[in-house]
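Notes for the one structure printed next.
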Amino acid sequence: MAHEPRKRPLFRKLDNHLLRVSDLDAAVSFYGDRLGHALVWRDDEAAGFALPETDAELVVHLHIGPETDIPVDNVDDAFEEFLAAGGEAVQPPFEIAVGRCARVRDPFGNIVVILDQSKGMLVTDAKGHVIGVKAGQ
């Protein structure tokens, strides 16, 4: 069955590249102190670092990764559209701190992580520790 081409691409940009680490403090020291990436945010399980030529982040996480997260306008809609186009579900949409997320697999076996920021953006204190989420405009 032929599909109508989308007027606007499904994927918006790259949000982050996420790496799994066994020690968050050691990862913060390595990527921040030794490699010079500015710490943007941190919580008990993960930390995000600035990449100087993009607004995408390098994220280290104790429990998930590696993966690259790609923003979409609405995860639930994008999930359904991805499946209708021939992809398959790996993990249906679920809640995350800033919105919703899902994992899908393309017809070639690649897992794609999609997310939206329907709840807003992370809010941090002066040291970069996450203290909440600020609703988007």
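Ordering of the structure tokens sets the chain letters (A, B, ...); residue numbers start at 1 within each chain; ligands are numbered from 1 in the order shown.
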
Please return as a VMD selection string: the residues of range 13-137 of chain A that backbone DSSP assigns to helix (DSSP H, G or I). chain A and resid 24 to 34 75 to 84

Check the smallest atom-to-atom distance from each of A:Ile131, A:Ala78, A:Leu58, A:Ala85 to Leu115 in chain A using only C-alpha atoms, then report the winner.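 Using only C-alpha atoms, the shortest distance to Leu115 in chain A belongs to A:Ala78.
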
How would you write, as a CSV table (one decimal) with all heavy atoms, in the first residue's frame, the set of residues in range 2-132 of chain A that DSSP gives as strand (DSSP E or B)?
```
chain,number,residue,atom,x,y,z
A,16,ASN,N,19.5,14.1,22.1
A,16,ASN,CA,20.7,13.7,22.9
A,16,ASN,C,21.2,12.3,22.4
A,16,ASN,O,20.5,11.6,21.8
A,16,ASN,CB,20.4,13.6,24.4
A,16,ASN,CG,19.5,12.5,24.8
A,16,ASN,OD1,19.9,11.4,24.8
A,16,ASN,ND2,18.3,12.9,25.2
A,17,HIS,N,22.5,12.1,22.7
A,17,HIS,CA,23.0,10.8,22.6
A,17,HIS,C,23.3,10.3,24.0
A,17,HIS,O,24.0,11.0,24.8
A,17,HIS,CB,24.3,10.8,21.8
A,17,HIS,CG,24.9,9.4,21.6
A,17,HIS,ND1,24.2,8.4,20.9
A,17,HIS,CD2,26.0,8.8,22.1
A,17,HIS,CE1,24.9,7.3,20.9
A,17,HIS,NE2,26.0,7.5,21.6
A,18,LEU,N,22.8,9.2,24.4
A,18,LEU,CA,22.8,8.7,25.7
A,18,LEU,C,23.7,7.5,25.9
A,18,LEU,O,23.6,6.5,25.0
A,18,LEU,CB,21.3,8.3,26.1
A,18,LEU,CG,21.1,8.0,27.6
A,18,LEU,CD1,19.7,8.5,28.0
A,18,LEU,CD2,21.2,6.5,27.8
A,19,LEU,N,24.6,7.5,26.8
A,19,LEU,CA,25.5,6.4,27.1
A,19,LEU,C,25.2,5.8,28.5
A,19,LEU,O,25.0,6.6,29.4
A,19,LEU,CB,26.9,6.9,27.1
A,19,LEU,CG,27.4,7.5,25.8
A,19,LEU,CD1,28.8,8.2,25.9
A,19,LEU,CD2,27.4,6.5,24.6
A,20,ARG,N,25.3,4.5,28.6
A,20,ARG,CA,25.1,3.9,29.9
A,20,ARG,C,26.4,3.8,30.6
A,20,ARG,O,27.5,3.5,30.0
A,20,ARG,CB,24.6,2.4,29.7
A,20,ARG,CG,24.2,1.7,31.0
A,20,ARG,CD,23.6,0.4,30.7
A,20,ARG,NE,23.0,-0.1,31.9
A,20,ARG,CZ,22.1,-1.0,31.9
A,20,ARG,NH1,21.5,-1.4,30.8
A,20,ARG,NH2,21.6,-1.4,33.1
A,39,LEU,N,28.4,20.7,32.4
A,39,LEU,CA,27.3,20.0,33.0
A,39,LEU,C,26.0,20.9,32.9
A,39,LEU,O,26.0,22.0,33.3
A,39,LEU,CB,27.5,19.7,34.5
A,39,LEU,CG,26.4,18.9,35.2
A,39,LEU,CD1,26.3,17.5,34.6
A,39,LEU,CD2,26.7,18.9,36.7
A,40,VAL,N,25.0,20.4,32.2
A,40,VAL,CA,23.8,21.1,32.0
A,40,VAL,C,22.8,20.8,33.1
A,40,VAL,O,22.1,21.6,33.6
A,40,VAL,CB,23.2,20.8,30.6
A,40,VAL,CG1,21.8,21.6,30.4
A,40,VAL,CG2,24.1,21.2,29.5
A,41,TRP,N,22.7,19.5,33.4
A,41,TRP,CA,21.7,19.0,34.4
A,41,TRP,C,22.2,17.7,35.0
A,41,TRP,O,23.0,17.0,34.4
A,41,TRP,CB,20.3,18.9,33.9
A,41,TRP,CG,20.2,17.9,32.7
A,41,TRP,CD1,20.3,18.2,31.4
A,41,TRP,CD2,19.9,16.6,32.9
A,41,TRP,NE1,20.2,17.1,30.7
A,41,TRP,CE2,19.9,16.0,31.5
A,41,TRP,CE3,19.7,15.7,33.9
A,41,TRP,CZ2,19.7,14.7,31.3
A,41,TRP,CZ3,19.5,14.3,33.6
A,41,TRP,CH2,19.5,13.9,32.3
A,42,ARG,N,21.7,17.4,36.2
A,42,ARG,CA,22.0,16.1,36.8
A,42,ARG,C,20.9,15.7,37.8
A,42,ARG,O,20.3,16.6,38.5
A,42,ARG,CB,23.3,16.3,37.6
A,42,ARG,CG,23.7,15.0,38.3
A,42,ARG,CD,25.0,15.1,39.1
A,42,ARG,NE,25.2,13.8,39.8
A,42,ARG,CZ,26.3,13.4,40.2
A,42,ARG,NH1,27.4,14.2,40.1
A,42,ARG,NH2,26.5,12.3,40.8
A,46,ALA,N,21.1,10.2,36.1
A,46,ALA,CA,21.7,10.6,34.9
A,46,ALA,C,22.3,12.1,35.0
A,46,ALA,O,22.0,12.8,35.9
A,46,ALA,CB,20.6,10.6,33.8
A,47,ALA,N,23.0,12.4,33.9
A,47,ALA,CA,23.6,13.8,33.8
A,47,ALA,C,23.6,14.1,32.4
A,47,ALA,O,23.9,13.3,31.5
A,47,ALA,CB,24.9,13.9,34.5
A,48,GLY,N,23.4,15.4,32.1
A,48,GLY,CA,23.5,15.9,30.7
A,48,GLY,C,24.6,16.9,30.5
A,48,GLY,O,24.7,17.8,31.4
A,49,PHE,N,25.3,16.8,29.4
A,49,PHE,CA,26.4,17.7,29.1
A,49,PHE,C,26.2,18.4,27.8
A,49,PHE,O,25.6,17.9,26.9
A,49,PHE,CB,27.7,16.9,29.0
A,49,PHE,CG,28.1,16.2,30.3
A,49,PHE,CD1,27.7,14.9,30.5
A,49,PHE,CD2,28.9,16.8,31.2
A,49,PHE,CE1,28.1,14.2,31.6
A,49,PHE,CE2,29.2,16.2,32.4
A,49,PHE,CZ,28.8,14.8,32.6
A,50,ALA,N,26.6,19.7,27.8
A,50,ALA,CA,26.5,20.5,26.6
A,50,ALA,C,27.5,20.0,25.5
A,50,ALA,O,28.6,19.6,25.8
A,50,ALA,CB,26.8,22.0,26.9
A,57,GLU,N,22.4,17.2,23.6
A,57,GLU,CA,23.3,16.9,24.7
A,57,GLU,C,23.9,15.5,24.7
A,57,GLU,O,23.3,14.6,24.0
A,57,GLU,CB,22.4,17.0,26.0
A,57,GLU,CG,21.8,18.3,26.3
A,57,GLU,CD,20.9,18.3,27.5
A,57,GLU,OE1,20.5,17.2,28.0
A,57,GLU,OE2,20.5,19.4,27.9
A,58,LEU,N,25.0,15.4,25.4
A,58,LEU,CA,25.5,14.0,25.7
A,58,LEU,C,25.0,13.7,27.1
A,58,LEU,O,25.2,14.5,28.0
A,58,LEU,CB,27.1,14.1,25.7
A,58,LEU,CG,27.7,12.8,26.1
A,58,LEU,CD1,27.5,11.7,25.2
A,58,LEU,CD2,29.2,13.0,26.3
A,59,VAL,N,24.3,12.6,27.2
A,59,VAL,CA,23.7,12.2,28.5
A,59,VAL,C,24.3,10.9,28.9
A,59,VAL,O,24.5,10.0,28.1
A,59,VAL,CB,22.2,12.0,28.3
A,59,VAL,CG1,21.6,11.5,29.6
A,59,VAL,CG2,21.5,13.4,28.0
A,60,VAL,N,24.7,10.8,30.2
A,60,VAL,CA,25.1,9.5,30.8
A,60,VAL,C,24.0,9.1,31.7
A,60,VAL,O,23.4,9.9,32.4
A,60,VAL,CB,26.5,9.7,31.5
A,60,VAL,CG1,27.6,10.0,30.4
A,60,VAL,CG2,26.5,10.8,32.5
A,61,HIS,N,23.8,7.8,31.8
A,61,HIS,CA,22.7,7.2,32.6
A,61,HIS,C,23.1,5.9,33.2
A,61,HIS,O,23.8,5.1,32.6
A,61,HIS,CB,21.5,7.0,31.7
A,61,HIS,CG,20.2,6.9,32.4
A,61,HIS,ND1,19.8,5.9,33.2
A,61,HIS,CD2,19.1,7.8,32.4
A,61,HIS,CE1,18.6,6.0,33.7
A,61,HIS,NE2,18.2,7.2,33.3
A,67,GLU,N,21.7,4.9,23.3
A,67,GLU,CA,20.6,5.3,22.4
A,67,GLU,C,20.7,6.7,22.0
A,67,GLU,O,21.4,7.5,22.7
A,67,GLU,CB,19.2,5.0,23.1
A,67,GLU,CG,18.9,6.0,24.3
A,67,GLU,CD,17.6,5.7,25.0
A,67,GLU,OE1,17.3,4.5,25.1
A,67,GLU,OE2,16.9,6.6,25.3
A,68,THR,N,20.1,7.1,21.0
A,68,THR,CA,20.0,8.5,20.5
A,68,THR,C,18.5,8.8,20.6
A,68,THR,O,17.7,8.1,20.0
A,68,THR,CB,20.6,8.7,19.1
A,68,THR,OG1,22.0,8.3,19.2
A,68,THR,CG2,20.4,10.1,18.7
A,69,ASP,N,18.1,9.9,21.2
A,69,ASP,CA,16.7,10.3,21.4
A,69,ASP,C,16.4,11.4,20.3
A,69,ASP,O,17.2,12.3,20.2
A,69,ASP,CB,16.5,10.8,22.8
A,69,ASP,CG,16.7,9.7,23.8
A,69,ASP,OD1,16.8,8.5,23.5
A,69,ASP,OD2,16.8,10.0,25.0
A,70,ILE,N,15.3,11.2,19.7
A,70,ILE,CA,14.9,12.1,18.6
A,70,ILE,C,13.5,12.7,19.0
A,70,ILE,O,12.5,12.0,19.1
A,70,ILE,CB,14.8,11.4,17.3
A,70,ILE,CG1,16.1,10.7,17.0
A,70,ILE,CG2,14.4,12.3,16.2
A,70,ILE,CD1,16.1,9.8,15.7
A,71,PRO,N,13.4,14.1,19.1
A,71,PRO,CA,12.1,14.7,19.4
A,71,PRO,C,11.2,14.6,18.2
A,71,PRO,O,11.5,14.7,17.0
A,71,PRO,CB,12.5,16.2,19.6
A,71,PRO,CG,14.0,16.2,19.9
A,71,PRO,CD,14.5,15.0,19.1
A,88,GLU,N,7.8,-1.2,13.7
A,88,GLU,CA,7.2,-2.0,14.7
A,88,GLU,C,7.5,-1.5,16.1
A,88,GLU,O,8.4,-0.7,16.3
A,88,GLU,CB,7.6,-3.5,14.6
A,88,GLU,CG,9.1,-3.7,14.6
A,88,GLU,CD,9.5,-5.2,14.5
A,88,GLU,OE1,9.6,-5.6,13.3
A,88,GLU,OE2,9.6,-5.9,15.5
A,89,ALA,N,6.6,-1.8,17.0
A,89,ALA,CA,6.7,-1.3,18.4
A,89,ALA,C,7.7,-2.1,19.2
A,89,ALA,O,7.8,-3.3,19.1
A,89,ALA,CB,5.3,-1.4,19.1
A,90,VAL,N,8.6,-1.4,19.9
A,90,VAL,CA,9.5,-2.0,20.9
A,90,VAL,C,9.0,-1.8,22.3
A,90,VAL,O,8.9,-2.7,23.1
A,90,VAL,CB,10.9,-1.5,20.7
A,90,VAL,CG1,11.9,-2.0,21.8
A,90,VAL,CG2,11.5,-1.8,19.3
A,91,GLN,N,8.6,-0.5,22.5
A,91,GLN,CA,8.0,-0.1,23.8
A,91,GLN,C,7.0,1.0,23.5
A,91,GLN,O,7.4,2.1,23.0
A,91,GLN,CB,9.1,0.4,24.8
A,91,GLN,CG,8.7,0.7,26.2
A,91,GLN,CD,9.8,1.1,27.1
A,91,GLN,OE1,10.9,1.3,26.7
A,91,GLN,NE2,9.5,1.1,28.4
A,92,PRO,N,5.8,0.8,23.8
A,92,PRO,CA,4.7,1.8,23.5
A,92,PRO,C,5.0,3.1,24.3
A,92,PRO,O,5.7,3.1,25.3
A,92,PRO,CB,3.4,1.1,23.8
A,92,PRO,CG,3.8,0.0,24.7
A,92,PRO,CD,5.2,-0.4,24.4
A,93,PRO,N,4.3,4.2,23.9
A,93,PRO,CA,4.5,5.4,24.7
A,93,PRO,C,4.3,5.3,26.2
A,93,PRO,O,3.4,4.6,26.7
A,93,PRO,CB,3.4,6.3,24.0
A,93,PRO,CG,3.2,5.8,22.7
A,93,PRO,CD,3.4,4.3,22.8
A,94,PHE,N,5.2,6.0,26.9
A,94,PHE,CA,5.2,6.0,28.3
A,94,PHE,C,5.6,7.4,28.8
A,94,PHE,O,6.2,8.2,28.1
A,94,PHE,CB,6.1,4.9,28.9
A,94,PHE,CG,7.6,5.0,28.5
A,94,PHE,CD1,8.5,5.7,29.2
A,94,PHE,CD2,8.0,4.4,27.3
A,94,PHE,CE1,9.9,5.8,28.8
A,94,PHE,CE2,9.3,4.5,26.9
A,94,PHE,CZ,10.2,5.2,27.6
A,95,GLU,N,5.3,7.7,30.1
A,95,GLU,CA,5.6,9.0,30.7
A,95,GLU,C,7.1,9.1,31.0
A,95,GLU,O,7.7,8.2,31.5
A,95,GLU,CB,4.8,9.2,32.0
A,95,GLU,CG,3.3,9.2,31.8
A,95,GLU,CD,2.8,10.4,31.0
A,95,GLU,OE1,3.3,11.5,31.2
A,95,GLU,OE2,1.9,10.2,30.1
A,96,ILE,N,7.7,10.3,30.8
A,96,ILE,CA,9.0,10.7,31.3
A,96,ILE,C,8.9,12.1,31.9
A,96,ILE,O,7.8,12.7,31.8
A,96,ILE,CB,10.1,10.7,30.1
A,96,ILE,CG1,9.7,11.7,29.0
A,96,ILE,CG2,10.3,9.3,29.6
A,96,ILE,CD1,10.7,11.8,27.9
A,99,GLY,N,7.8,14.7,29.3
A,99,GLY,CA,6.7,14.5,28.4
A,99,GLY,C,6.5,13.0,28.2
A,99,GLY,O,6.2,12.3,29.2
A,100,ARG,N,6.6,12.5,27.0
A,100,ARG,CA,6.3,11.1,26.7
A,100,ARG,C,7.4,10.6,25.8
A,100,ARG,O,8.1,11.3,25.1
A,100,ARG,CB,5.0,10.9,26.0
A,100,ARG,CG,3.9,11.3,27.1
A,100,ARG,CD,2.5,11.0,26.6
A,100,ARG,NE,2.1,9.8,26.1
A,100,ARG,CZ,1.8,8.7,26.8
A,100,ARG,NH1,2.0,8.6,28.1
A,100,ARG,NH2,1.4,7.6,26.2
A,101,CYS,N,7.6,9.3,25.8
A,101,CYS,CA,8.7,8.6,25.1
A,101,CYS,C,8.2,7.3,24.6
A,101,CYS,O,7.3,6.7,25.1
A,101,CYS,CB,9.9,8.4,26.0
A,101,CYS,SG,11.4,7.7,25.3
A,102,ALA,N,8.8,6.8,23.5
A,102,ALA,CA,8.5,5.4,23.0
A,102,ALA,C,9.7,4.9,22.2
A,102,ALA,O,10.6,5.7,21.8
A,102,ALA,CB,7.3,5.5,22.0
A,103,ARG,N,9.8,3.6,22.1
A,103,ARG,CA,10.9,3.0,21.3
A,103,ARG,C,10.2,2.2,20.2
A,103,ARG,O,9.3,1.4,20.4
A,103,ARG,CB,11.7,2.1,22.2
A,103,ARG,CG,12.6,2.8,23.2
A,103,ARG,CD,13.4,1.9,24.1
A,103,ARG,NE,14.3,2.7,24.9
A,103,ARG,CZ,13.9,3.3,26.0
A,103,ARG,NH1,12.7,3.3,26.5
A,103,ARG,NH2,14.8,4.0,26.7
A,104,VAL,N,10.7,2.4,19.0
A,104,VAL,CA,10.2,1.7,17.8
A,104,VAL,C,11.4,1.1,17.0
A,104,VAL,O,12.5,1.5,17.2
A,104,VAL,CB,9.4,2.7,16.9
A,104,VAL,CG1,8.1,3.1,17.6
A,104,VAL,CG2,10.2,3.9,16.6
A,105,ARG,N,11.1,0.2,16.1
A,105,ARG,CA,12.1,-0.4,15.3
A,105,ARG,C,11.8,-0.2,13.8
A,105,ARG,O,10.6,-0.5,13.4
A,105,ARG,CB,12.2,-1.9,15.6
A,105,ARG,CG,13.3,-2.6,14.8
A,105,ARG,CD,13.4,-4.1,15.1
A,105,ARG,NE,13.9,-4.3,16.5
A,105,ARG,CZ,13.2,-4.8,17.5
A,105,ARG,NH1,12.0,-5.2,17.3
A,105,ARG,NH2,13.7,-5.0,18.7
A,111,ILE,N,16.6,0.4,16.3
A,111,ILE,CA,15.7,0.9,17.3
A,111,ILE,C,15.8,2.4,17.3
A,111,ILE,O,16.9,3.0,17.3
A,111,ILE,CB,16.0,0.3,18.6
A,111,ILE,CG1,15.6,-1.2,18.6
A,111,ILE,CG2,15.2,1.0,19.7
A,111,ILE,CD1,15.9,-2.0,19.9
A,112,VAL,N,14.7,3.1,17.3
A,112,VAL,CA,14.6,4.6,17.3
A,112,VAL,C,13.9,5.0,18.6
A,112,VAL,O,12.8,4.4,18.8
A,112,VAL,CB,13.9,5.1,16.0
A,112,VAL,CG1,13.8,6.6,16.1
A,112,VAL,CG2,14.6,4.6,14.8
A,113,VAL,N,14.4,5.9,19.3
A,113,VAL,CA,13.8,6.4,20.5
A,113,VAL,C,13.2,7.8,20.2
A,113,VAL,O,13.9,8.7,19.8
A,113,VAL,CB,14.7,6.5,21.7
A,113,VAL,CG1,14.0,7.0,22.9
A,113,VAL,CG2,15.4,5.1,22.0
A,114,ILE,N,11.9,7.9,20.3
A,114,ILE,CA,11.2,9.2,20.1
A,114,ILE,C,10.7,9.7,21.4
A,114,ILE,O,10.3,9.0,22.3
A,114,ILE,CB,10.1,9.0,19.0
A,114,ILE,CG1,9.1,8.0,19.4
A,114,ILE,CG2,10.7,8.7,17.6
A,114,ILE,CD1,7.9,7.8,18.5
A,115,LEU,N,10.7,11.1,21.5
A,115,LEU,CA,10.2,11.7,22.7
A,115,LEU,C,9.6,13.0,22.4
A,115,LEU,O,9.9,13.6,21.3
A,115,LEU,CB,11.3,11.9,23.8
A,115,LEU,CG,12.5,12.7,23.4
A,115,LEU,CD1,12.2,14.2,23.7
A,115,LEU,CD2,13.7,12.2,24.1
A,116,ASP,N,8.7,13.5,23.2
A,116,ASP,CA,8.2,14.8,23.1
A,116,ASP,C,8.4,15.5,24.5
A,116,ASP,O,8.8,14.9,25.5
A,116,ASP,CB,6.7,14.9,22.7
A,116,ASP,CG,5.7,14.3,23.7
A,116,ASP,OD1,5.9,14.5,24.9
A,116,ASP,OD2,4.7,13.8,23.2
A,121,MET,N,10.4,21.7,30.1
A,121,MET,CA,11.8,21.5,30.2
A,121,MET,C,12.3,21.3,31.6
A,121,MET,O,11.6,21.8,32.5
A,121,MET,CB,12.5,22.8,29.6
A,121,MET,CG,12.1,23.1,28.2
A,121,MET,SD,12.8,22.0,27.0
A,121,MET,CE,14.5,22.5,27.0
A,122,LEU,N,13.4,20.6,31.8
A,122,LEU,CA,14.0,20.5,33.1
A,122,LEU,C,14.4,21.8,33.7
A,122,LEU,O,14.9,22.7,33.0
A,122,LEU,CB,15.2,19.5,33.1
A,122,LEU,CG,15.0,18.1,32.7
A,122,LEU,CD1,16.3,17.3,32.6
A,122,LEU,CD2,14.0,17.4,33.6
A,123,VAL,N,14.2,21.9,35.0
A,123,VAL,CA,14.6,23.1,35.7
A,123,VAL,C,15.7,22.7,36.7
A,123,VAL,O,15.6,21.6,37.4
A,123,VAL,CB,13.5,23.8,36.5
A,123,VAL,CG1,13.9,24.9,37.4
A,123,VAL,CG2,12.3,24.2,35.6
A,124,THR,N,16.8,23.4,36.8
A,124,THR,CA,17.9,23.0,37.6
A,124,THR,C,18.3,24.2,38.6
A,124,THR,O,18.0,25.3,38.4
A,124,THR,CB,19.2,22.7,36.8
A,124,THR,OG1,19.5,23.9,36.0
A,124,THR,CG2,18.9,21.6,35.8
A,129,HIS,N,21.6,20.6,39.4
A,129,HIS,CA,20.8,19.5,39.9
A,129,HIS,C,19.3,19.7,39.5
A,129,HIS,O,18.8,20.9,39.7
A,129,HIS,CB,20.9,19.3,41.4
A,129,HIS,CG,22.2,18.8,41.9
A,129,HIS,ND1,23.2,19.6,42.2
A,129,HIS,CD2,22.6,17.5,42.0
A,129,HIS,CE1,24.3,18.9,42.5
A,129,HIS,NE2,23.9,17.6,42.4
A,130,VAL,N,18.7,18.7,39.0
A,130,VAL,CA,17.3,18.9,38.5
A,130,VAL,C,16.4,19.1,39.7
A,130,VAL,O,16.4,18.3,40.7
A,130,VAL,CB,16.8,17.6,37.7
A,130,VAL,CG1,15.3,17.7,37.4
A,130,VAL,CG2,17.6,17.5,36.5
A,131,ILE,N,15.6,20.2,39.7
A,131,ILE,CA,14.7,20.4,40.8
A,131,ILE,C,13.2,20.5,40.4
A,131,ILE,O,12.3,20.7,41.2
A,131,ILE,CB,15.0,21.8,41.5
A,131,ILE,CG1,15.0,22.9,40.5
A,131,ILE,CG2,16.4,21.7,42.2
A,131,ILE,CD1,15.2,24.3,41.1
A,132,GLY,N,13.0,20.2,39.1
A,132,GLY,CA,11.6,20.2,38.6
A,132,GLY,C,11.5,20.3,37.1
A,132,GLY,O,12.5,20.2,36.4
```

How many Å separate CA of Val28 in chain A from CA of Phe11 in chain A? 29.1 Å

Distance CA of Leu62 in chain A-CA of Leu24 in chain A, one decimal place? 6.6 Å

Please identify all polymer residues within 10 Å of Gly136 in chain A, counting only C-alpha atoms, omitting same-chain residues fewer than 6 positions from it, and present them as a compact mmCIF listing (two decimals) with all heavy atoms, in the first residue's frame.
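Done, and the output landed in result_4.txt:
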```
# COMPACT_ATOMS: atom_id res chain seq x y z
N VAL A 98 9.83 15.04 31.21
CA VAL A 98 9.51 16.20 30.38
C VAL A 98 8.35 15.98 29.41
O VAL A 98 7.91 16.90 28.74
CB VAL A 98 10.74 16.69 29.59
CG1 VAL A 98 11.82 17.18 30.53
CG2 VAL A 98 11.26 15.62 28.64
N GLN A 117 8.31 16.85 24.45
CA GLN A 117 8.49 17.63 25.67
C GLN A 117 7.16 18.29 26.04
O GLN A 117 7.09 19.47 26.33
CB GLN A 117 9.60 18.66 25.48
CG GLN A 117 10.95 17.99 25.29
CD GLN A 117 12.06 18.96 25.01
OE1 GLN A 117 11.90 19.92 24.28
NE2 GLN A 117 13.22 18.69 25.59
N SER A 118 6.11 17.47 26.04
CA SER A 118 4.76 17.98 26.29
C SER A 118 4.57 18.49 27.71
O SER A 118 3.65 19.27 27.97
CB SER A 118 3.73 16.90 25.96
OG SER A 118 4.02 15.69 26.64
N LYS A 119 5.42 18.10 28.65
CA LYS A 119 5.33 18.60 30.03
C LYS A 119 6.22 19.81 30.25
O LYS A 119 6.04 20.53 31.22
CB LYS A 119 5.73 17.50 31.02
CG LYS A 119 4.76 16.34 31.06
CD LYS A 119 5.25 15.30 32.03
CE LYS A 119 4.40 14.05 32.00
NZ LYS A 119 4.97 12.99 32.84
N GLY A 120 7.22 20.02 29.40
CA GLY A 120 8.10 21.17 29.53
C GLY A 120 9.57 20.80 29.52
O GLY A 120 9.96 19.77 28.99
N MET A 121 10.36 21.65 30.14
CA MET A 121 11.82 21.51 30.18
C MET A 121 12.28 21.32 31.62
O MET A 121 11.65 21.82 32.55
CB MET A 121 12.48 22.77 29.61
CG MET A 121 12.07 23.12 28.19
SD MET A 121 12.76 22.02 26.98
CE MET A 121 14.47 22.51 27.03
```
